[in-house]
Amino acid sequence: MTTMTWMLAAAAAAVVAAGGDAPPSGWVSIEPPRSEAALRCANYSQQEWSVRRAADGTPELVQGRHEHRYLTVRELFDDGALLGYNRGEFGGWIEWLPRDGGARFEQTQVDPVAATRYRGEAVIAEGLAHLSANRGSVLRFERRDGRSWRIHRLAELDAAPVAAVRRGDKEWVLLLVDGVASVQLDSGQVRRLHRARDWLGSYVGSIQPLGDGWLIGGRRGAIRLEAKADGGYRERWWTPARCAVLEPECSCANPIP
């Protein structure tokens with residue numbers, strides 16, 4: 001799996017996730033696939049879903065297809081733009097383009113996937129999951145003056161990030177290839193919120209809060225993380241009812257053309 005070399009292009013109307021632990025109308029909630037056959041079925045599903053937030057704040061799921069994407073980060077400042085490019089295993093970089101045509105800089109050997117701002121500084125999550133590699137980090141770009149930056153490694157991650165969502169002033173929640181983690185933007189403290197055993201083949205690629213848990217877009221549908229009373233999350237998979245059979249027969253098995 002190559003992290004964030006692709007984007008999801010919308011190909012169908014959005015499905016509204018109203019909230020709570022019940023799936024949308026026409027969808028069902030199933031146990032996560034565990035057997036080899038069920039995992040293979042989920043991996044080769046024709047369903048491909050991204051979760052996003054509508055203008056009114058309602059989470060919604062959008063079916064789509066993978067397309068190449070190189071520009072993954074775009075942070076605009078008054079005097080220039082900080083741009084990040086990700087080509088997966090073929091490399092990535094971050095560059096500063098000043099508006100006045102002055103000195104540029106380029107940070108290589110990074111694979112940027114998401115960006116946010118904290119106290120005027122840019123914070124970028126980067127990483128790669130490919131073959132035996134699975135790594136990630138969070139970088140803070142500090143303005144030294146009008147033309148130069150100082151780059152700090154704010155946090156190390158134990159897996160590659162694929163998406164992120166802000167929660168509050170200081171917390172940045174990262175979707176990883178094998179779970180979810182929280183990073184404190186002031187201290188760099190990392191806390192694992194959830195660790196998943198079998199997400200690598202599910203192509204998770206987007207995350208939004210839903211109630212007191214999370215909704216994550218993936219290949220067969222969506223992964224719903226329900227908060228448990230004793231801490232942690234219970235994992236369920238939401239899928240269109242017609243695609244709920246994983247084994248012995250695999251429904252919705254052919255990729256989107």
# chains A, B, ... in the order shown; residues from 1 in each chain; ligands from 1
>>> residues_around(residues="Ala115 of chain A", least_positions_apart="3", cutoff="7 Å", atoms="only C-alpha atoms", output="list of chain:residue names")
A:Val73, A:Ala122, A:Val123, A:Ile124, A:Ala125
>>> residues_around(residues="His152 of chain A", least_positions_apart="2", cutoff="6 Å", atoms="only C-alpha atoms", output="list in words")
Leu139, Arg140 and Leu154 of chain A
>>> write_last_selection(atoms="N, CA and C atoms", output="PDB file, in the first residue's frame")
ATOM      1  N   LEU A 139       5.762  17.473  11.485  1.00  0.00           N
ATOM      2  CA  LEU A 139       6.763  18.523  11.366  1.00  0.00           C
ATOM      3  C   LEU A 139       6.124  19.880  11.628  1.00  0.00           C
ATOM      4  N   ARG A 140       6.837  20.735  12.347  1.00  0.00           N
ATOM      5  CA  ARG A 140       6.378  22.095  12.592  1.00  0.00           C
ATOM      6  C   ARG A 140       7.296  23.066  11.838  1.00  0.00           C
ATOM      7  N   LEU A 154       8.144  17.678  15.442  1.00  0.00           N
ATOM      8  CA  LEU A 154       7.289  17.811  16.615  1.00  0.00           C
ATOM      9  C   LEU A 154       6.963  16.467  17.242  1.00  0.00           C
TER      10      LEU A 154
END
>>> closest_atom_pairs(of="segment 45-105 of chain A", to="segment 14-37 of chain A", cutoff="10 Å", atoms="only C-alpha atoms", output="JSON lines")
{"residue": "A:Trp49", "atom": "CA", "partner": "A:Ala14", "partner_atom": "CA", "distance": 9.7}
{"residue": "A:Ser50", "atom": "CA", "partner": "A:Ala14", "partner_atom": "CA", "distance": 9.5}
{"residue": "A:Val51", "atom": "CA", "partner": "A:Ala14", "partner_atom": "CA", "distance": 9.2}
{"residue": "A:Arg52", "atom": "CA", "partner": "A:Ala14", "partner_atom": "CA", "distance": 9.4}
{"residue": "A:Arg53", "atom": "CA", "partner": "A:Val16", "partner_atom": "CA", "distance": 9.6}
{"residue": "A:Ala54", "atom": "CA", "partner": "A:Val16", "partner_atom": "CA", "distance": 8.9}
{"residue": "A:Thr58", "atom": "CA", "partner": "A:Ala18", "partner_atom": "CA", "distance": 7.0}
{"residue": "A:Pro59", "atom": "CA", "partner": "A:Ala17", "partner_atom": "CA", "distance": 5.5}
{"residue": "A:Glu60", "atom": "CA", "partner": "A:Val16", "partner_atom": "CA", "distance": 4.3}
{"residue": "A:Leu61", "atom": "CA", "partner": "A:Val15", "partner_atom": "CA", "distance": 4.9}
{"residue": "A:Val62", "atom": "CA", "partner": "A:Ala14", "partner_atom": "CA", "distance": 4.6}
{"residue": "A:Gln63", "atom": "CA", "partner": "A:Ala14", "partner_atom": "CA", "distance": 7.2}
>>> write_last_selection(atoms="all heavy atoms", output="compact mmCIF listing (two decimals), in the first residue's frame")
# COMPACT_ATOMS: atom_id res chain seq x y z
N TRP A 49 -15.37 4.58 -0.43
CA TRP A 49 -16.11 5.66 0.22
C TRP A 49 -15.18 6.62 0.95
O TRP A 49 -14.21 6.21 1.60
CB TRP A 49 -17.12 5.09 1.21
CG TRP A 49 -18.19 4.28 0.55
CD1 TRP A 49 -18.17 2.94 0.28
CD2 TRP A 49 -19.44 4.76 0.04
NE1 TRP A 49 -19.33 2.56 -0.36
CE2 TRP A 49 -20.12 3.67 -0.53
CE3 TRP A 49 -20.03 6.03 0.01
CZ2 TRP A 49 -21.38 3.79 -1.11
CZ3 TRP A 49 -21.29 6.14 -0.57
CH2 TRP A 49 -21.95 5.04 -1.12
N SER A 50 -15.51 7.91 0.85
CA SER A 50 -14.81 8.94 1.59
C SER A 50 -15.81 9.62 2.52
O SER A 50 -16.97 9.82 2.15
CB SER A 50 -14.23 9.98 0.61
OG SER A 50 -13.66 11.06 1.31
N VAL A 51 -15.37 9.95 3.73
CA VAL A 51 -16.24 10.66 4.66
C VAL A 51 -15.81 12.12 4.71
O VAL A 51 -14.62 12.43 4.75
CB VAL A 51 -16.22 10.01 6.07
CG1 VAL A 51 -14.81 9.98 6.64
CG2 VAL A 51 -17.15 10.74 7.02
N ARG A 52 -16.79 13.00 4.67
CA ARG A 52 -16.51 14.44 4.70
C ARG A 52 -17.60 15.12 5.52
O ARG A 52 -18.58 14.48 5.93
CB ARG A 52 -16.49 15.01 3.28
CG ARG A 52 -17.86 15.02 2.60
CD ARG A 52 -17.79 15.44 1.16
NE ARG A 52 -19.12 15.54 0.57
CZ ARG A 52 -19.36 15.71 -0.72
NH1 ARG A 52 -18.34 15.79 -1.57
NH2 ARG A 52 -20.60 15.82 -1.18
N ARG A 53 -17.43 16.40 5.75
CA ARG A 53 -18.43 17.15 6.52
C ARG A 53 -19.13 18.13 5.58
O ARG A 53 -18.48 18.93 4.91
CB ARG A 53 -17.78 17.89 7.69
CG ARG A 53 -18.79 18.44 8.67
CD ARG A 53 -18.24 18.53 10.06
NE ARG A 53 -17.78 17.27 10.60
CZ ARG A 53 -18.54 16.44 11.31
NH1 ARG A 53 -19.80 16.73 11.53
NH2 ARG A 53 -18.03 15.33 11.79
N ALA A 54 -20.46 18.04 5.55
CA ALA A 54 -21.25 18.91 4.70
C ALA A 54 -21.23 20.34 5.25
O ALA A 54 -20.76 20.60 6.36
CB ALA A 54 -22.68 18.39 4.62
N THR A 58 -23.02 18.19 8.98
CA THR A 58 -23.43 16.79 9.02
C THR A 58 -22.39 15.90 8.32
O THR A 58 -21.99 16.20 7.19
CB THR A 58 -24.78 16.60 8.31
OG1 THR A 58 -25.74 17.47 8.90
CG2 THR A 58 -25.26 15.16 8.43
N PRO A 59 -21.95 14.82 8.96
CA PRO A 59 -21.04 13.90 8.27
C PRO A 59 -21.76 13.20 7.12
O PRO A 59 -22.93 12.85 7.23
CB PRO A 59 -20.65 12.89 9.36
CG PRO A 59 -21.04 13.53 10.64
CD PRO A 59 -22.21 14.41 10.34
N GLU A 60 -21.08 13.03 6.01
CA GLU A 60 -21.66 12.33 4.88
C GLU A 60 -20.60 11.48 4.19
O GLU A 60 -19.41 11.79 4.24
CB GLU A 60 -22.32 13.30 3.91
CG GLU A 60 -21.39 14.36 3.34
CD GLU A 60 -22.11 15.37 2.46
OE1 GLU A 60 -23.36 15.45 2.54
OE2 GLU A 60 -21.42 16.07 1.70
N LEU A 61 -21.07 10.42 3.55
CA LEU A 61 -20.20 9.50 2.83
C LEU A 61 -20.41 9.68 1.34
O LEU A 61 -21.54 9.80 0.86
CB LEU A 61 -20.54 8.05 3.23
CG LEU A 61 -20.14 7.68 4.66
CD1 LEU A 61 -21.02 6.56 5.19
CD2 LEU A 61 -18.68 7.27 4.69
N VAL A 62 -19.30 9.68 0.61
CA VAL A 62 -19.35 9.89 -0.83
C VAL A 62 -18.62 8.74 -1.51
O VAL A 62 -17.47 8.45 -1.19
CB VAL A 62 -18.70 11.23 -1.23
CG1 VAL A 62 -18.80 11.44 -2.74
CG2 VAL A 62 -19.36 12.39 -0.51
N GLN A 63 -19.29 8.10 -2.46
CA GLN A 63 -18.65 7.03 -3.22
C GLN A 63 -17.79 7.64 -4.31
O GLN A 63 -18.12 8.68 -4.87
CB GLN A 63 -19.70 6.10 -3.84
CG GLN A 63 -19.09 4.86 -4.48
CD GLN A 63 -20.15 3.94 -5.06
OE1 GLN A 63 -21.34 4.17 -4.89
NE2 GLN A 63 -19.71 2.92 -5.77
>>> closest_residue(among="A:Val110, A:Val173, A:Ala103, A:Ala160", to="Leu128 of chain A", atoms="only C-alpha atoms")
A:Ala160
>>> atom_distance(atom1="atom CA of Arg119 of chain A", atom2="atom CA of Ala163 of chain A")
21.0 Å
>>> residues_around(residues="Gly101 of chain A", least_positions_apart="2", cutoff="12 Å", atoms="only C-alpha atoms", output="VMD selection string")
chain A and resid 79 to 81 96 to 99 103 to 105 147
>>> closest_residue(among="A:Glu89, A:Val180, A:Gly64, A:Glu142", to="Gln47 of chain A", atoms="only C-alpha atoms")
A:Gly64
>>> closest_residue(among="A:Asp230, A:Glu75, A:Glu126, A:Glu121", to="Trp93 of chain A", atoms="only C-alpha atoms")
A:Glu126
>>> select_by_dssp(residues="segment 4-244 of chain A", states="strand (DSSP E or B)", output="JSON, numbers by chain")
{"A": [6, 7, 8, 9, 10, 15, 16, 27, 28, 29, 30, 49, 50, 51, 52, 53, 59, 60, 61, 62, 63, 64, 65, 66, 67, 68, 71, 72, 73, 74, 75, 76, 77, 80, 81, 82, 83, 84, 85, 86, 92, 93, 94, 95, 96, 97, 98, 105, 106, 107, 108, 112, 113, 114, 115, 116, 117, 118, 121, 122, 123, 124, 125, 126, 127, 128, 129, 130, 133, 134, 135, 136, 137, 138, 139, 140, 141, 142, 143, 149, 150, 151, 152, 153, 154, 155, 156, 157, 161, 162, 163, 164, 165, 166, 167, 171, 172, 173, 174, 175, 176, 179, 180, 181, 182, 183, 184, 190, 191, 192, 193, 194, 195, 206, 207, 208, 209, 210, 213, 214, 215, 216, 217, 222, 223, 224, 225, 226, 227, 233, 234, 235, 236, 237, 238, 239, 240]}
>>> atom_distance(atom1="atom CA of Ala241 of chain A", atom2="atom CA of Ala42 of chain A")
13.9 Å
>>> atom_distance(atom1="atom CA of Ser137 of chain A", atom2="atom CA of Lys228 of chain A")
28.3 Å
>>> residues_around(residues="segment 231-236 of chain A", least_positions_apart="2", cutoff="12 Å", atoms="only C-alpha atoms", output="number ranges by chain")
A: 21-23, 28-33, 179-181, 191-199, 212-216, 221-229, 238-239
>>> residues_around(residues="Leu157 of chain A", least_positions_apart="6", cutoff="8 Å", atoms="only C-alpha atoms", output="PDB file with N, CA and C atoms, in the first residue's frame")
ATOM      1  N   ARG A 135       6.102   4.270   8.417  1.00  0.00           N
ATOM      2  CA  ARG A 135       6.662   5.303   9.289  1.00  0.00           C
ATOM      3  C   ARG A 135       5.880   6.599   9.137  1.00  0.00           C
ATOM      4  N   GLY A 136       6.047   7.485  10.109  1.00  0.00           N
ATOM      5  CA  GLY A 136       5.398   8.779  10.014  1.00  0.00           C
ATOM      6  C   GLY A 136       5.962   9.750  11.031  1.00  0.00           C
ATOM      7  N   SER A 137       5.708  11.035  10.816  1.00  0.00           N
ATOM      8  CA  SER A 137       6.135  12.065  11.750  1.00  0.00           C
ATOM      9  C   SER A 137       5.263  13.302  11.552  1.00  0.00           C
ATOM     10  N   VAL A 138       5.371  14.221  12.517  1.00  0.00           N
ATOM     11  CA  VAL A 138       4.687  15.505  12.436  1.00  0.00           C
ATOM     12  C   VAL A 138       5.756  16.592  12.487  1.00  0.00           C
ATOM     13  N   VAL A 190       2.003  12.307  21.740  1.00  0.00           N
ATOM     14  CA  VAL A 190       1.206  11.424  20.890  1.00  0.00           C
ATOM     15  C   VAL A 190       0.501  10.395  21.761  1.00  0.00           C
TER      16      VAL A 190
END
>>> select_by_dssp(residues="segment 7-158 of chain A", states="helix (DSSP H, G or I)", output="VMD selection string")
chain A and resid 36 to 43 88 to 90
>>> write_last_selection(atoms="N, CA and C atoms", output="PDB file, in the first residue's frame")
ATOM      1  N   GLU A  36      -9.208 -14.670   6.314  1.00  0.00           N
ATOM      2  CA  GLU A  36      -8.492 -14.313   5.095  1.00  0.00           C
ATOM      3  C   GLU A  36      -9.454 -14.050   3.948  1.00  0.00           C
ATOM      4  N   ALA A  37     -10.511 -14.883   3.843  1.00  0.00           N
ATOM      5  CA  ALA A  37     -11.477 -14.710   2.763  1.00  0.00           C
ATOM      6  C   ALA A  37     -12.245 -13.408   2.906  1.00  0.00           C
ATOM      7  N   ALA A  38     -12.662 -13.083   4.112  1.00  0.00           N
ATOM      8  CA  ALA A  38     -13.417 -11.849   4.347  1.00  0.00           C
ATOM      9  C   ALA A  38     -12.551 -10.619   4.099  1.00  0.00           C
ATOM     10  N   LEU A  39     -11.299 -10.666   4.515  1.00  0.00           N
ATOM     11  CA  LEU A  39     -10.390  -9.543   4.279  1.00  0.00           C
ATOM     12  C   LEU A  39     -10.133  -9.353   2.790  1.00  0.00           C
ATOM     13  N   ARG A  40     -10.006 -10.444   2.067  1.00  0.00           N
ATOM     14  CA  ARG A  40      -9.793 -10.351   0.625  1.00  0.00           C
ATOM     15  C   ARG A  40     -11.022  -9.728  -0.041  1.00  0.00           C
ATOM     16  N   CYS A  41     -12.207 -10.127   0.417  1.00  0.00           N
ATOM     17  CA  CYS A  41     -13.443  -9.576  -0.127  1.00  0.00           C
ATOM     18  C   CYS A  41     -13.517  -8.073   0.120  1.00  0.00           C
ATOM     19  N   ALA A  42     -13.197  -7.647   1.335  1.00  0.00           N
ATOM     20  CA  ALA A  42     -13.233  -6.214   1.659  1.00  0.00           C
ATOM     21  C   ALA A  42     -12.221  -5.440   0.834  1.00  0.00           C
ATOM     22  N   ASN A  43     -11.053  -6.012   0.634  1.00  0.00           N
ATOM     23  CA  ASN A  43      -9.985  -5.340  -0.099  1.00  0.00           C
ATOM     24  C   ASN A  43     -10.337  -5.145  -1.567  1.00  0.00           C
ATOM     25  N   GLY A  88       4.261   8.933  -3.002  1.00  0.00           N
ATOM     26  CA  GLY A  88       4.374   7.621  -2.394  1.00  0.00           C
ATOM     27  C   GLY A  88       5.798   7.118  -2.350  1.00  0.00           C
ATOM     28  N   GLU A  89       6.006   5.876  -2.814  1.00  0.00           N
ATOM     29  CA  GLU A  89       7.340   5.279  -2.759  1.00  0.00           C
ATOM     30  C   GLU A  89       8.333   5.962  -3.691  1.00  0.00           C
ATOM     31  N   PHE A  90       7.837   6.849  -4.574  1.00  0.00           N
ATOM     32  CA  PHE A  90       8.727   7.555  -5.492  1.00  0.00           C
ATOM     33  C   PHE A  90       9.209   8.887  -4.911  1.00  0.00           C
TER      34      PHE A  90
END
